[in-house]
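A.B. asks: So I've got this file, upload16.txt, and it contains compact mmCIF, C-alpha atoms:
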```txt
# COMPACT_ATOMS: atom_id res chain seq x y z
CA ARG A 1 -18.36 -28.61 -11.50
CA GLY A 2 -19.60 -25.26 -10.22
CA VAL A 3 -17.79 -21.97 -10.08
CA LEU A 4 -15.83 -21.34 -6.91
CA VAL A 5 -16.02 -17.84 -5.46
CA ALA A 6 -13.91 -16.27 -2.74
CA SER A 7 -13.72 -12.78 -1.34
CA ALA A 8 -10.41 -11.07 -0.70
CA ARG A 9 -9.42 -7.79 0.86
CA ALA A 10 -6.21 -5.92 1.40
CA GLY A 11 -4.66 -3.51 3.84
CA ASN A 12 -4.05 0.10 2.93
CA VAL A 13 -2.42 -0.11 -0.49
CA ILE A 14 -0.02 2.45 -1.87
CA GLY A 15 1.91 2.66 -5.10
CA GLY A 16 2.36 4.78 -8.16
CA GLY A 17 -0.58 5.68 -10.34
CA ASP A 18 -3.16 6.14 -7.58
CA TRP A 19 -4.83 9.52 -8.17
CA ALA A 20 -7.89 9.11 -5.93
CA ASP A 21 -8.98 11.97 -3.70
CA ASP A 22 -8.87 11.58 0.07
CA ARG A 23 -6.08 9.00 -0.01
CA LEU A 24 -2.93 9.78 1.89
CA ILE A 25 -0.21 9.30 -0.73
CA PRO A 26 -2.01 10.89 -3.73
CA ASP A 27 -3.04 13.84 -1.53
CA LEU A 28 0.50 14.15 -0.19
CA VAL A 29 1.94 14.11 -3.72
CA ARG A 30 -0.57 16.72 -4.95
CA ALA A 31 0.37 18.96 -2.01
CA ALA A 32 4.09 18.55 -2.76
CA VAL A 33 3.58 19.39 -6.42
CA ALA A 34 1.66 22.51 -5.29
CA ASP A 35 4.55 23.32 -2.88
CA ARG A 36 2.40 23.21 0.24
CA PRO A 37 2.10 20.92 3.25
CA LEU A 38 -0.77 18.45 3.43
CA ILE A 39 -3.08 18.78 6.41
CA VAL A 40 -3.20 15.24 7.78
CA ARG A 41 -6.49 14.49 9.55
CA ASN A 42 -5.33 11.84 11.98
CA PRO A 43 -1.53 11.45 12.15
CA GLN A 44 -1.79 9.01 15.09
CA ALA A 45 -4.03 6.52 13.26
CA THR A 46 -2.28 3.21 12.54
CA ARG A 47 -2.82 1.44 9.22
CA PRO A 48 -1.49 -1.74 7.55
CA TRP A 49 0.46 -0.20 4.63
CA GLN A 50 1.54 -2.29 1.66
CA HIS A 51 2.41 -1.86 -1.99
CA VAL A 52 -0.52 -2.50 -4.32
CA LEU A 53 1.41 -5.32 -5.99
CA GLU A 54 1.34 -7.36 -2.75
CA PRO A 55 -2.40 -8.07 -2.57
CA LEU A 56 -2.61 -8.31 -6.36
CA ALA A 57 -0.12 -11.18 -6.23
CA GLY A 58 -2.24 -12.77 -3.50
CA TYR A 59 -5.47 -12.34 -5.47
CA LEU A 60 -3.87 -13.95 -8.53
CA LEU A 61 -2.54 -16.84 -6.46
CA LEU A 62 -5.95 -17.35 -4.87
CA GLY A 63 -7.66 -17.27 -8.28
CA GLN A 64 -5.15 -19.75 -9.66
CA GLN A 65 -5.83 -22.12 -6.77
CA LEU A 66 -9.62 -21.74 -7.12
CA LEU A 67 -9.32 -22.75 -10.77
CA THR A 68 -7.91 -26.11 -9.64
CA GLY A 69 -11.27 -26.81 -7.99
CA GLN A 70 -10.23 -26.72 -4.33
CA ASP A 71 -13.60 -26.14 -2.62
CA GLY A 72 -11.97 -25.33 0.73
CA LEU A 73 -10.52 -22.12 -0.72
CA ALA A 74 -13.91 -20.59 -1.58
CA GLU A 75 -14.08 -18.36 1.48
CA ALA A 76 -12.88 -14.97 2.78
CA TRP A 77 -9.18 -14.01 2.60
CA ASN A 78 -7.01 -11.19 3.90
CA PHE A 79 -3.83 -10.04 2.18
CA GLY A 80 -1.94 -7.65 4.39
CA PRO A 81 1.59 -6.59 5.21
CA ASN A 82 3.94 -7.88 7.86
CA ASP A 83 3.39 -6.31 11.28
CA ALA A 84 6.36 -3.96 10.78
CA ALA A 85 4.35 -2.18 8.07
CA ASN A 86 1.64 -1.18 10.54
CA LEU A 87 2.62 2.47 10.87
CA THR A 88 0.88 5.59 12.01
CA VAL A 89 -0.11 8.04 9.32
CA GLY A 90 2.46 10.48 10.73
CA GLU A 91 5.23 7.86 10.56
CA MET A 92 4.20 7.00 7.02
CA VAL A 93 4.44 10.61 5.88
CA ALA A 94 7.82 11.11 7.60
CA ARG A 95 9.24 7.95 6.02
CA MET A 96 7.93 8.93 2.58
CA ALA A 97 9.54 12.35 3.00
CA ALA A 98 12.89 10.61 3.57
CA HIS A 99 12.56 9.40 -0.05
CA TRP A 100 11.14 12.68 -1.38
CA PRO A 101 11.87 15.72 0.83
CA ALA A 102 9.27 17.87 -0.98
CA LEU A 103 6.56 15.89 0.83
CA ARG A 104 5.45 17.89 3.86
CA HIS A 105 2.51 17.67 6.24
CA GLN A 106 0.92 19.35 9.21
CA SER A 107 -1.78 18.37 11.66
CA PRO A 108 -5.19 20.03 11.44
CA PRO A 109 -6.01 22.83 13.89
CA LEU A 110 -7.19 21.40 17.22
CA SER A 111 -10.54 23.10 16.83
CA SER A 112 -11.28 21.64 13.40
CA GLU A 113 -13.96 18.96 13.19
CA GLN A 114 -12.78 15.75 11.52
CA PRO A 115 -14.77 12.76 10.30
CA HIS A 116 -14.71 9.70 12.56
CA GLU A 117 -11.99 7.22 11.67
CA ALA A 118 -10.84 4.10 13.44
CA ASN A 119 -7.56 4.76 15.23
CA LEU A 120 -6.19 1.25 14.62
CA LEU A 121 -6.65 -0.97 11.58
CA MET A 122 -4.81 -4.26 11.19
CA LEU A 123 -5.24 -7.26 8.96
CA ASP A 124 -4.58 -10.90 9.87
CA SER A 125 -3.17 -12.62 6.79
CA ALA A 126 -2.06 -15.80 8.55
CA LYS A 127 -4.52 -17.94 6.59
CA ALA A 128 -3.18 -16.70 3.22
CA ARG A 129 0.36 -17.35 4.37
CA ARG A 130 -0.44 -20.81 5.67
CA ALA A 131 -2.90 -22.14 3.08
CA LEU A 132 -1.64 -20.40 -0.07
CA GLY A 133 2.01 -19.89 0.75
CA TRP A 134 1.55 -16.17 0.03
CA GLN A 135 3.67 -13.62 1.82
CA PRO A 136 4.65 -10.00 1.22
CA ALA A 137 7.75 -9.65 -0.94
CA TRP A 138 8.59 -6.04 -0.05
CA ASP A 139 9.10 -4.62 3.41
CA VAL A 140 7.70 -1.21 4.25
CA GLU A 141 10.90 0.68 3.37
CA ARG A 142 11.08 -0.89 -0.09
CA THR A 143 7.37 -0.15 -0.54
CA LEU A 144 7.91 3.50 0.38
CA ALA A 145 11.00 3.81 -1.81
CA HIS A 146 9.21 2.41 -4.87
CA THR A 147 6.12 4.53 -4.25
CA ALA A 148 8.11 7.75 -3.87
CA GLU A 149 10.27 6.83 -6.87
CA TRP A 150 7.19 6.31 -9.06
CA TYR A 151 5.58 9.65 -8.19
CA ARG A 152 8.86 11.58 -8.39
CA ALA A 153 9.68 10.14 -11.82
CA PHE A 154 6.20 10.99 -13.04
CA HIS A 155 6.10 14.54 -11.69
CA GLU A 156 9.72 15.48 -12.34
CA HIS A 157 10.31 13.74 -15.69
CA GLY A 158 6.96 12.45 -16.98
CA HIS A 159 8.14 8.84 -16.65
CA VAL A 160 5.81 6.00 -15.68
CA LEU A 161 7.77 3.30 -13.86
CA THR A 162 5.00 0.72 -13.51
CA ASP A 163 6.51 -1.95 -15.78
CA ARG A 164 9.93 -1.57 -14.18
CA GLN A 165 8.44 -1.84 -10.69
CA ILE A 166 6.45 -4.94 -11.60
CA ASP A 167 9.70 -6.51 -12.82
CA ALA A 168 11.45 -5.47 -9.60
CA TYR A 169 8.62 -7.04 -7.58
CA ALA A 170 8.37 -10.29 -9.54
CA ALA A 171 11.74 -11.79 -8.57
CA PRO A 172 11.41 -11.52 -4.77
CA ALA A 173 7.72 -12.48 -4.98
CA ALA A 174 8.60 -15.65 -6.88
CA THR A 175 11.38 -16.66 -4.49
CA GLY A 176 9.73 -15.52 -1.27
CA GLU A 177 12.71 -13.35 -0.41
CA ASP A 178 12.72 -9.59 0.07
CA ALA A 179 14.76 -7.87 -2.65
```
Please lay out the structure from this file as structure tokens.
C.D. replies:
Amino acid sequence: RGVLVASARAGNVIGGGDWADDRLIPDLVRAAVADRPLIVRNPQATRPWQHVLEPLAGYLLLGQQLLTGQDGLAEAWNFGPNDAANLTVGEMVARMAAHWPALRHQSPPLSSEQPHEANLLMLDSAKARRALGWQPAWDVERTLAHTAEWYRAFHEHGHVLTDRQIDAYAAPAATGEDA
């Protein structure tokens, strides 16, 4: 039997431990730690936000199913949030700030030149839900709360909450119910 290969992609993932440049949450956290607002390039752009554990659970489920030899699964897959998690960048920042008031932002000056970005990104994960039984376990508020909690604990106390957050994610992911 040959090796089965599938491709999978995710929506805009957030969660503790992301330190990449030019990503909204890490940039927002760095600005907060420096006690300054973040200049947000495109606050009206809509993105499909989800916790990084969501697509990881989907990728693992897909890999598990591929190992059973189901040829029909060797194709492209999307793992994205529920529609309620499709928020504008401005809404995302405001909701994060509700969990960590030190997070502040401002729009760029009207005259500043910005790189081109799509104004609307969405991801259709219906196939993953239907064929794999995968679904997001955390709604957007729980995702934001856990993300803010992780960064705050790290910056204020030096604590890394990854193991605890994986445990908190595992129960609702296993039962299909939001915790």
A.B. asks: Need the shell around Tyr169 (chain A): protein/DNA/RNA residues with any atom at most 12 Å away, counting all atoms listed in the file. Skip same-chain ones fewer than 3 positions apart. Format as a list in words?
C.D. replies: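 Returned residues: His51, Val52, Leu53, Glu54, Leu56, Ala57, Pro136, Ala137, Trp138, Asp139, Arg142, Thr143, His146, Thr162, Asp163, Arg164, Gln165, Ile166, Pro172, Ala173, Ala174, Thr175, Gly176, Glu177, Asp178 and Ala179 of chain A.
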A.B. asks: For Ala145 (chain A), work out the shell of residues within 12 Å, counting all atoms listed in the file and skipping chain neighbours fewer than 5 positions away, then give it as a list in words.
C.D. replies: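 Close residues of Ala145 (chain A): Ile14, Gly15, Gly16, Gln50, His51, Met92, Arg95, Met96, Ala97, Ala98, His99, Trp100, Trp138, Asp139, Val140, Trp150, Tyr151, Arg152, Ala153 and Gln165 of chain A.
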A.B. asks: Near Val40 (chain A), within 9 Å and counting all atoms listed in the file, which residues show up once chain neighbours fewer than 5 positions away are dropped, as a PDB file with C-alpha atoms, keeping the file's coordinate frame?
C.D. replies:
```pdb
ATOM      1  CA  LEU A  24      -2.930   9.780   1.890  1.00  0.00           C
ATOM      2  CA  LEU A  28       0.500  14.150  -0.190  1.00  0.00           C
ATOM      3  CA  VAL A  89      -0.110   8.040   9.320  1.00  0.00           C
ATOM      4  CA  GLY A  90       2.460  10.480  10.730  1.00  0.00           C
ATOM      5  CA  HIS A 105       2.510  17.670   6.240  1.00  0.00           C
ATOM      6  CA  GLN A 106       0.920  19.350   9.210  1.00  0.00           C
ATOM      7  CA  SER A 107      -1.780  18.370  11.660  1.00  0.00           C
ATOM      8  CA  PRO A 108      -5.190  20.030  11.440  1.00  0.00           C
TER       9      PRO A 108
END
```
A.B. asks: May I ask for the distance between CA of Ala10 (chain A) and CA of Val160 (chain A), given in Å to one decimal place?
C.D. replies: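 Here the two named atoms are 24.0 Å from each other.
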A.B. asks: I'd like the contact shell of Met122 (chain A) - 10 Å cut-off, all atoms listed in the file, skipping same-chain residues fewer than 4 positions apart - returned as a PDB file with C-alpha atoms, in the coordinates of the input.
C.D. replies:
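And here is the file that came out, part29.pdb:
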```pdb
ATOM      1  CA  GLY A  11      -4.660  -3.510   3.840  1.00  0.00           C
ATOM      2  CA  ASN A  12      -4.050   0.100   2.930  1.00  0.00           C
ATOM      3  CA  THR A  46      -2.280   3.210  12.540  1.00  0.00           C
ATOM      4  CA  ARG A  47      -2.820   1.440   9.220  1.00  0.00           C
ATOM      5  CA  PRO A  48      -1.490  -1.740   7.550  1.00  0.00           C
ATOM      6  CA  TRP A  49       0.460  -0.200   4.630  1.00  0.00           C
ATOM      7  CA  GLY A  80      -1.940  -7.650   4.390  1.00  0.00           C
ATOM      8  CA  PRO A  81       1.590  -6.590   5.210  1.00  0.00           C
ATOM      9  CA  ASP A  83       3.390  -6.310  11.280  1.00  0.00           C
ATOM     10  CA  ALA A  85       4.350  -2.180   8.070  1.00  0.00           C
ATOM     11  CA  ASN A  86       1.640  -1.180  10.540  1.00  0.00           C
TER      12      ASN A  86
END
```
A.B. asks: What does the structure give for the distance between CA of Ser125 (chain A) and CA of Pro26 (chain A), in Å to one decimal?
C.D. replies: 25.8 Å
A.B. asks: Would you mind reading off the distance between CA of Thr68 (chain A) and CA of Ala126 (chain A), one decimal, in Å?
C.D. replies: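 Pair CA of Thr68 (chain A) / CA of Ala126 (chain A) returns 21.7 Å.
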A.B. asks: Smallest atom-to-atom distance to Leu60 (chain A): which of A:Ala8, A:Asn119, A:Val3, A:Lys127, using only C-alpha atoms?
C.D. replies: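 Comparing A:Ala8, A:Asn119, A:Val3, A:Lys127 against Leu60 (chain A), the winner is A:Ala8.
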A.B. asks: Using all atoms listed in the file, find the one residue out of A:Pro37, A:Pro43, A:Pro55, A:Gly72 that sits nearest to Glu91 (chain A).
C.D. replies: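 Of A:Pro37, A:Pro43, A:Pro55, A:Gly72, the one nearest Glu91 (chain A), counting all atoms listed in the file, is A:Pro43.
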A.B. asks: Which is closer to Arg41 (chain A) than all the others in A:Ala118, A:Phe79, A:Leu4, A:Ala84, using all atoms listed in the file?
C.D. replies: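 When distances to Arg41 (chain A) are compared using all atoms listed in the file, the smallest one comes from A:Ala118.
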A.B. asks: So, with all atoms listed in the file as the atoms that count, which of A:Ala102, A:Gln65, A:Gly2, A:Asn82 lies closest to Ala31 (chain A)?
C.D. replies: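 Under the stated criterion, the closest residue is A:Ala102.
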A.B. asks: Around all listed atoms of region 87-102 of chain A, padded 3 Å per side, what centre and edge lengths does the axis-aligned box have in Å to one decimal, as JSON?
C.D. replies:
```
{"center_x": 6.4, "center_y": 10.2, "center_z": 5.3, "size_x": 19.0, "size_y": 21.4, "size_z": 19.4}
```
A.B. asks: Would you mind completing region 5-16 of chain A to N, CA, C and O atoms and writing the output as a PDB file, keeping the file's coordinate frame?
C.D. replies:
```
ATOM      1  N   VAL A   5     -16.127 -19.280  -5.696  1.00  0.00           N
ATOM      2  CA  VAL A   5     -16.020 -17.840  -5.460  1.00  0.00           C
ATOM      3  C   VAL A   5     -15.428 -17.610  -4.081  1.00  0.00           C
ATOM      4  O   VAL A   5     -15.811 -18.272  -3.117  1.00  0.00           O
ATOM      5  N   ALA A   6     -14.505 -16.677  -4.012  1.00  0.00           N
ATOM      6  CA  ALA A   6     -13.910 -16.270  -2.740  1.00  0.00           C
ATOM      7  C   ALA A   6     -13.936 -14.758  -2.671  1.00  0.00           C
ATOM      8  O   ALA A   6     -14.041 -14.082  -3.698  1.00  0.00           O
ATOM      9  N   SER A   7     -13.870 -14.232  -1.479  1.00  0.00           N
ATOM     10  CA  SER A   7     -13.720 -12.780  -1.340  1.00  0.00           C
ATOM     11  C   SER A   7     -12.346 -12.514  -0.738  1.00  0.00           C
ATOM     12  O   SER A   7     -11.837 -13.302   0.051  1.00  0.00           O
ATOM     13  N   ALA A   8     -11.742 -11.415  -1.174  1.00  0.00           N
ATOM     14  CA  ALA A   8     -10.410 -11.070  -0.700  1.00  0.00           C
ATOM     15  C   ALA A   8     -10.343  -9.579  -0.442  1.00  0.00           C
ATOM     16  O   ALA A   8     -10.943  -8.786  -1.165  1.00  0.00           O
ATOM     17  N   ARG A   9      -9.616  -9.214   0.588  1.00  0.00           N
ATOM     18  CA  ARG A   9      -9.420  -7.790   0.860  1.00  0.00           C
ATOM     19  C   ARG A   9      -7.972  -7.560   1.248  1.00  0.00           C
ATOM     20  O   ARG A   9      -7.242  -8.479   1.588  1.00  0.00           O
ATOM     21  N   ALA A  10      -7.605  -6.294   1.176  1.00  0.00           N
ATOM     22  CA  ALA A  10      -6.210  -5.920   1.400  1.00  0.00           C
ATOM     23  C   ALA A  10      -6.132  -4.836   2.464  1.00  0.00           C
ATOM     24  O   ALA A  10      -7.117  -4.176   2.784  1.00  0.00           O
ATOM     25  N   GLY A  11      -4.927  -4.640   2.954  1.00  0.00           N
ATOM     26  CA  GLY A  11      -4.660  -3.510   3.840  1.00  0.00           C
ATOM     27  C   GLY A  11      -4.622  -2.236   3.031  1.00  0.00           C
ATOM     28  O   GLY A  11      -5.020  -2.198   1.867  1.00  0.00           O
ATOM     29  N   ASN A  12      -4.142  -1.180   3.615  1.00  0.00           N
ATOM     30  CA  ASN A  12      -4.050   0.100   2.930  1.00  0.00           C
ATOM     31  C   ASN A  12      -2.961   0.015   1.856  1.00  0.00           C
ATOM     32  O   ASN A  12      -1.788  -0.046   2.173  1.00  0.00           O
ATOM     33  N   VAL A  13      -3.373   0.017   0.602  1.00  0.00           N
ATOM     34  CA  VAL A  13      -2.420  -0.110  -0.490  1.00  0.00           C
ATOM     35  C   VAL A  13      -1.920   1.251  -0.948  1.00  0.00           C
ATOM     36  O   VAL A  13      -2.658   2.223  -0.947  1.00  0.00           O
ATOM     37  N   ILE A  14      -0.638   1.263  -1.291  1.00  0.00           N
ATOM     38  CA  ILE A  14      -0.020   2.450  -1.870  1.00  0.00           C
ATOM     39  C   ILE A  14       0.768   2.013  -3.085  1.00  0.00           C
ATOM     40  O   ILE A  14       1.046   0.828  -3.249  1.00  0.00           O
ATOM     41  N   GLY A  15       1.111   2.956  -3.917  1.00  0.00           N
ATOM     42  CA  GLY A  15       1.910   2.660  -5.100  1.00  0.00           C
ATOM     43  C   GLY A  15       1.609   3.684  -6.168  1.00  0.00           C
ATOM     44  O   GLY A  15       0.587   4.373  -6.129  1.00  0.00           O
ATOM     45  N   GLY A  16       2.491   3.790  -7.110  1.00  0.00           N
ATOM     46  CA  GLY A  16       2.360   4.780  -8.160  1.00  0.00           C
ATOM     47  C   GLY A  16       1.104   4.594  -8.993  1.00  0.00           C
ATOM     48  O   GLY A  16       0.637   3.479  -9.199  1.00  0.00           O
TER      49      GLY A  16
END
```
